[in-house]
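Written below as structure tokens is the structure these notes are about.
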Amino acid sequence: MYGWNGKILRVNLSENKVVVQNYDLDFALKFVGGRGFAAKILWDELKPGIDPFSAENKLVIAAGPLTGLPGPSLGKLVIAAKSPLTGGYGDGNIGSFAAVYLRKAGYDAVVVEGKAKEPVYLYVENENASLLSAEGLWGLTTFQTEAKLKEIHGRNSGILSIGPAGEKLVRYATVVSQEGRAGGRPGMGAVMGSKNLKAVVFKGSLDIPLAEPEEYHSLVSRCYETIRSRDGYDFWVRQGTMMTIEWCQENSVLPTRNFREGMFDFYRLIDGYAMEAAKTKRRGCPNCNMSCGNVVLDSEAKESELDYENVAMLGSNIGLGHLGKVSILNRMADEFGLDTISLGNVLGFAMEATEKGLIRDGIEWGDFRRAKDLVEDIAYRRGLGNLLAEGVMRISQKIGGGSEKWAMHVKGLEVSAYDCHTVPGMALAFATSSIGAHHKEAWVISWEIRTDRAGYTRAKVEKVIEFQRIRGGMFECLVACRLPWIELGFELDWYPKLLKAATGQTLTLEKMFNEVADRIYALIRAFWIREYGNSWSKTIDYPPPRWFEEPLTKGPYKGAKLDQVKFEELLRLYYEMRGWDSRGVPTRATFNRLGLSDVAEELEKYVSLT
Ligand code: PTT
Ligand code: SF4
């Protein structure tokens with residue numbers, strides 16, 4: 001095979017054993033890599049109903065056939081497992097030298113199972129792998145862990161690690177790399193913690209075999225030039241995703257005070273221009289020529305890498321209009337290994353619960369000092385932090401008082417930073433995302449606002465599915481950063497060309513979208529439904545009640561909210577277009593079309609198929 005290494009490293013922590021598994025071209029073409037490999041492995045190998053924190057859960061770290069090669073933004077990997085936050089399929093995407101060196105060490109993926117007796121880390125170097133003691137690392141932050149591992153293994157290593165939050169099984173603990181790349185929102189860091197796996201270190205210098213090396217390298221130079229020449233390039237490298245704060249404010253979709261409103265009075269104090277004034281440098285993922293990691297000095301004069309989601313969720317959503325302080329909370333989240341989106345949701349939820357008298361000794365809106373203490377308490381599961389470490393769905397179940405209406409999650413995963421009172425298409429995207437309320441699969445909001453904001457139309461359903469195929473399907477399988485495409489219009493047809501030159505295989509966009517992506521969506525859907533069995537229903541795909549029941553109280557969209565009946569019609573159409581039945585379960589014909597008749601057969605043991 002070219003492009004793919006054809007090897008998966010299998011690590012059993014309980015038995016302290018590492019073996020190599022080969023896979024063939026058939027498997028590669030059917031699932032491509034990244035999320036595709038992860039979904040297939042987790043579906044095949046996890047028994048339904050297992051505790052995500054048990055040794056039976058498996059953690060998959062998977063790259064794609066282009067990962068690690070020179071080329072625009074190809075330094076990413078997917079990390080996946082059964083989620084302790086949602087109980088369903090969970091994954092995240094991290095840009096890191098770990099992705100590059102995983103592939104240069106000779107592998108395409110690592111599957112970790114079991115549980116180590118004592119804390120360990122996995123060390124992989126050029127087709128050799130071993131489990132080493134993490135005795136001196138356990139308890140350290142992600143920054144300290146990475147620094148120590150670099151001292152031991154050298155600077156040319158790629159490292160993924162967890163902080164105290166992962167060790168303490170905070171349900172939204174994430175995995176961090178390079179002091180500012182983080183991934184695995186649905187608790188992938190906690191899964192590592194539950195396995196006593198503190199870190200994974202990759203080193204590699206092997207060549208990734210290319211089918212047409214000259215053609216590949218010539219394409220790559222043209223790709224970089226194309227990106228560099230795009231109109232928005234200069235502004236992108238100035239602000240990156242931080243430009244979105246101003247855009248969201250202008251369009252009344254900036255999450256404010258636990259998604260009550262879409263506008264924040266102090267947005268100027270945390271927007272892209274405020275960030276530029278504090279910016280000290282730029283960082284990014286490997287092989288990227290549009291690096292978007294904006295590093296600022298926070299109010300404690302320490303470095304913090306900012307992205308839109310982090311600042312919106314730890315700023316406007318908790319009523320905090322001070323970039324230096326937001327940056328402290330953001331840096332602490334990276335150090336402790338906490339997902340910023342869920343953290344901002346949890347803090348906003350706790351503030352509202354305090355206001356409504358449902359939490360005693362809680363936290364007032366915008367109270368930075370208390371927020372800072374709570375972030376630490378969450379990471380170490382101390383006092384109120386122990387409850388807040390559970391995520392908004394579980395906290396709301398515990399405190400009651402009608403709080404389920406403003407617990408902002410879908411399927412247990414907290415909503416990313418877009419208020420949906422006025423954007424039904426984006427609400428549908430959150431509702432049908434394959435890991436819970438994440439924007440990454442179908443960020444239709446910009447298109448929706450430009451075209452027909454208020455409409456509940458077929459076009460919106462088509463757009464959600466189109467984006468899910470491109471973003472949740474193609475980009476998550478390749479594994480490539482989607483930002484060159486979505487932000488600078490880098491054309492999608494570069495990818496089949498790169499794939500052809502790298503692998504020698506023809507994978508057209510049509511095949512990618514209608515076969516590979518749809519197959520993966522059906523497979524992940526099957527994973528969720530198998531977990532729920534007969535209790536599965538379409539209500540599991542509903543966005544939070546707040547957006548239907550409590551209108552916005554200010555701004556140009558004052559009085560606006562979602563319409564439940566019309567939303568249900570969108571969902572019905574969505575199921576129909578996907579070939580799923582009225583409960584949202586893929587039909588037997590759909591599974592068969594996607595080459596998943598074995599999946600249908602297995603799923604039928606848990607729920608009837610139509
Ligand atoms: C992603 C989610 C996002 S999406 C952000 S900011 W964004 C938050 N970042 C966090 C962070 O930082 N620290 C932290 N402790 N928690 C964080 N949680 C949040 O996680 C990130 C970029 C960004 S910045 C985005 S949009 C794009 N995401 C991509 C994706 O999902 N797939 C893909 N093929 N390409 C992507 N490119 C962009 O990557 P999750 P990163 Mg991330 C500090 O992990 O779980 O997927 O959630 O990966 O390397 O940091 O790059 O405005
Ligand atoms: Fe990483 Fe940003 Fe480059 Fe994407 S655009 S690869 S997130 S640095």
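Within each chain, counting starts at residue 1; across the structure tokens, chains are named A, B, ... in the order shown, with ligands numbered 1 upward in that order.
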
Exercise for the section: For segment 577-594 of chain A, list every protein, DNA or RNA residue within 10 Å, evaluated using only C-alpha atoms, and leave out those in the same chain fewer than 3 positions away; present the list as a VMD selection string. Expected result: chain A and resid 30 432 458 461 to 462 465 514 to 523 525 to 526 528 to 529 536 to 541 571 to 574 597 to 601 603 to 604 607 to 610

Practice task
Let me have all residues with an atom within 8 Å of ligand 2, counting only C-alpha atoms and all ligand atoms, laid out as a ChimeraX atom specification.
Solution key: /A:72-76,95,240,283-293,480-484

Exercise for the section: Choose the residue, out of A:Tyr456, A:Trp443, A:Tyr308, A:Tyr606, that has the smallest atom-to-atom separation from ligand 1; count only C-alpha atoms and all ligand atoms. Expected result: A:Tyr308

Practice task
Using only C-alpha atoms and all ligand atoms, determine which residues fall within 6 Å of ligand 1, then list them as a PyMOL selection string.
Solution key: chain A and resi 92-95+180-185+241+305+307-310+333-334+337-341+440+475-476+479-483

Exercise for the section: Extract, using only C-alpha atoms, all DNA, RNA and protein residues at most 8 Å from segment 114-127 of chain A, discarding same-chain residues fewer than 4 positions from it, and format them as an MDAnalysis selection string. Expected result: chainID A and resid 12:16 54:58 102 104:107 131:135 138 194:206

Members of segment 225-461 of chain A assigned strand (DSSP E or B) by DSSP, as a short mmCIF file (atom, residue, chain, number, x, y, z; two decimals) with N, CA, C and O atoms, in the first residue's frame:
```
data_model
loop_
_atom_site.label_atom_id
_atom_site.label_comp_id
_atom_site.auth_asym_id
_atom_site.auth_seq_id
_atom_site.Cartn_x
_atom_site.Cartn_y
_atom_site.Cartn_z
N THR A 256 -24.38 34.26 25.45
CA THR A 256 -24.27 35.23 26.52
C THR A 256 -25.12 34.78 27.70
O THR A 256 -26.29 34.46 27.55
N GLU A 261 -28.97 35.02 25.80
CA GLU A 261 -28.96 36.08 24.80
C GLU A 261 -27.92 35.79 23.74
O GLU A 261 -27.06 34.92 23.93
N LYS A 279 -1.55 40.28 21.69
CA LYS A 279 -0.90 39.11 21.05
C LYS A 279 0.63 39.21 21.11
O LYS A 279 1.20 40.26 20.83
N THR A 280 1.25 38.11 21.45
CA THR A 280 2.72 38.11 21.48
C THR A 280 3.30 37.23 20.38
O THR A 280 4.40 37.46 19.92
N LYS A 281 2.58 36.19 20.00
CA LYS A 281 3.07 35.34 18.91
C LYS A 281 1.96 34.44 18.37
O LYS A 281 0.85 34.41 18.91
N ARG A 282 2.34 33.71 17.35
CA ARG A 282 1.41 32.83 16.67
C ARG A 282 1.95 31.41 16.74
O ARG A 282 3.15 31.20 16.56
N ARG A 283 1.07 30.45 17.03
CA ARG A 283 1.50 29.05 16.97
C ARG A 283 0.53 28.30 16.09
O ARG A 283 -0.51 28.82 15.71
N GLY A 293 -3.06 29.75 15.95
CA GLY A 293 -2.99 29.76 17.42
C GLY A 293 -2.48 31.11 17.90
O GLY A 293 -1.28 31.40 17.84
N ASN A 294 -3.37 31.96 18.37
CA ASN A 294 -2.99 33.30 18.83
C ASN A 294 -2.60 33.25 20.29
O ASN A 294 -3.43 32.96 21.15
N VAL A 295 -1.34 33.59 20.55
CA VAL A 295 -0.86 33.53 21.93
C VAL A 295 -0.85 34.95 22.50
O VAL A 295 -0.31 35.87 21.89
N VAL A 296 -1.47 35.10 23.67
CA VAL A 296 -1.45 36.39 24.36
C VAL A 296 -0.83 36.19 25.74
O VAL A 296 -0.69 35.06 26.20
N LEU A 297 -0.47 37.30 26.39
CA LEU A 297 -0.08 37.22 27.80
C LEU A 297 -1.33 37.50 28.62
O LEU A 297 -2.01 38.51 28.41
N GLU A 303 1.56 32.83 29.17
CA GLU A 303 1.05 32.65 27.81
C GLU A 303 -0.25 31.85 27.79
O GLU A 303 -0.39 30.85 28.49
N SER A 304 -1.16 32.28 26.93
CA SER A 304 -2.43 31.57 26.78
C SER A 304 -2.81 31.62 25.30
O SER A 304 -2.73 32.68 24.67
N GLU A 305 -3.19 30.47 24.73
CA GLU A 305 -3.50 30.42 23.29
C GLU A 305 -5.01 30.47 23.10
O GLU A 305 -5.75 29.62 23.60
N LEU A 306 -5.46 31.48 22.37
CA LEU A 306 -6.90 31.75 22.30
C LEU A 306 -7.52 31.31 20.98
O LEU A 306 -6.94 31.49 19.91
N LEU A 338 -8.99 20.48 30.64
CA LEU A 338 -10.46 20.57 30.68
C LEU A 338 -10.94 21.15 29.37
O LEU A 338 -10.34 22.12 28.87
N HIS A 409 -27.17 21.31 26.43
CA HIS A 409 -26.44 20.18 25.86
C HIS A 409 -27.34 19.43 24.89
O HIS A 409 -28.57 19.63 24.87
N VAL A 410 -26.74 18.60 24.05
CA VAL A 410 -27.49 17.61 23.28
C VAL A 410 -26.81 16.27 23.54
O VAL A 410 -25.59 16.15 23.40
N LEU A 413 -23.48 16.25 25.60
CA LEU A 413 -22.33 17.10 25.26
C LEU A 413 -22.79 18.56 25.21
O LEU A 413 -23.75 18.91 24.49
N GLU A 414 -22.09 19.41 25.95
CA GLU A 414 -22.45 20.82 26.04
C GLU A 414 -22.34 21.50 24.66
O GLU A 414 -21.46 21.17 23.86
N SER A 434 -22.80 13.87 15.35
CA SER A 434 -22.66 12.48 15.77
C SER A 434 -22.00 12.30 17.14
O SER A 434 -21.89 11.18 17.61
N GLY A 436 -22.89 14.68 19.84
CA GLY A 436 -23.56 15.62 20.74
C GLY A 436 -23.36 17.02 20.19
O GLY A 436 -22.89 17.18 19.06
#
```

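Relative to atom CA of Ile435 of chain A, atom CA of Ser316 of chain A is found at 24.5 Å.
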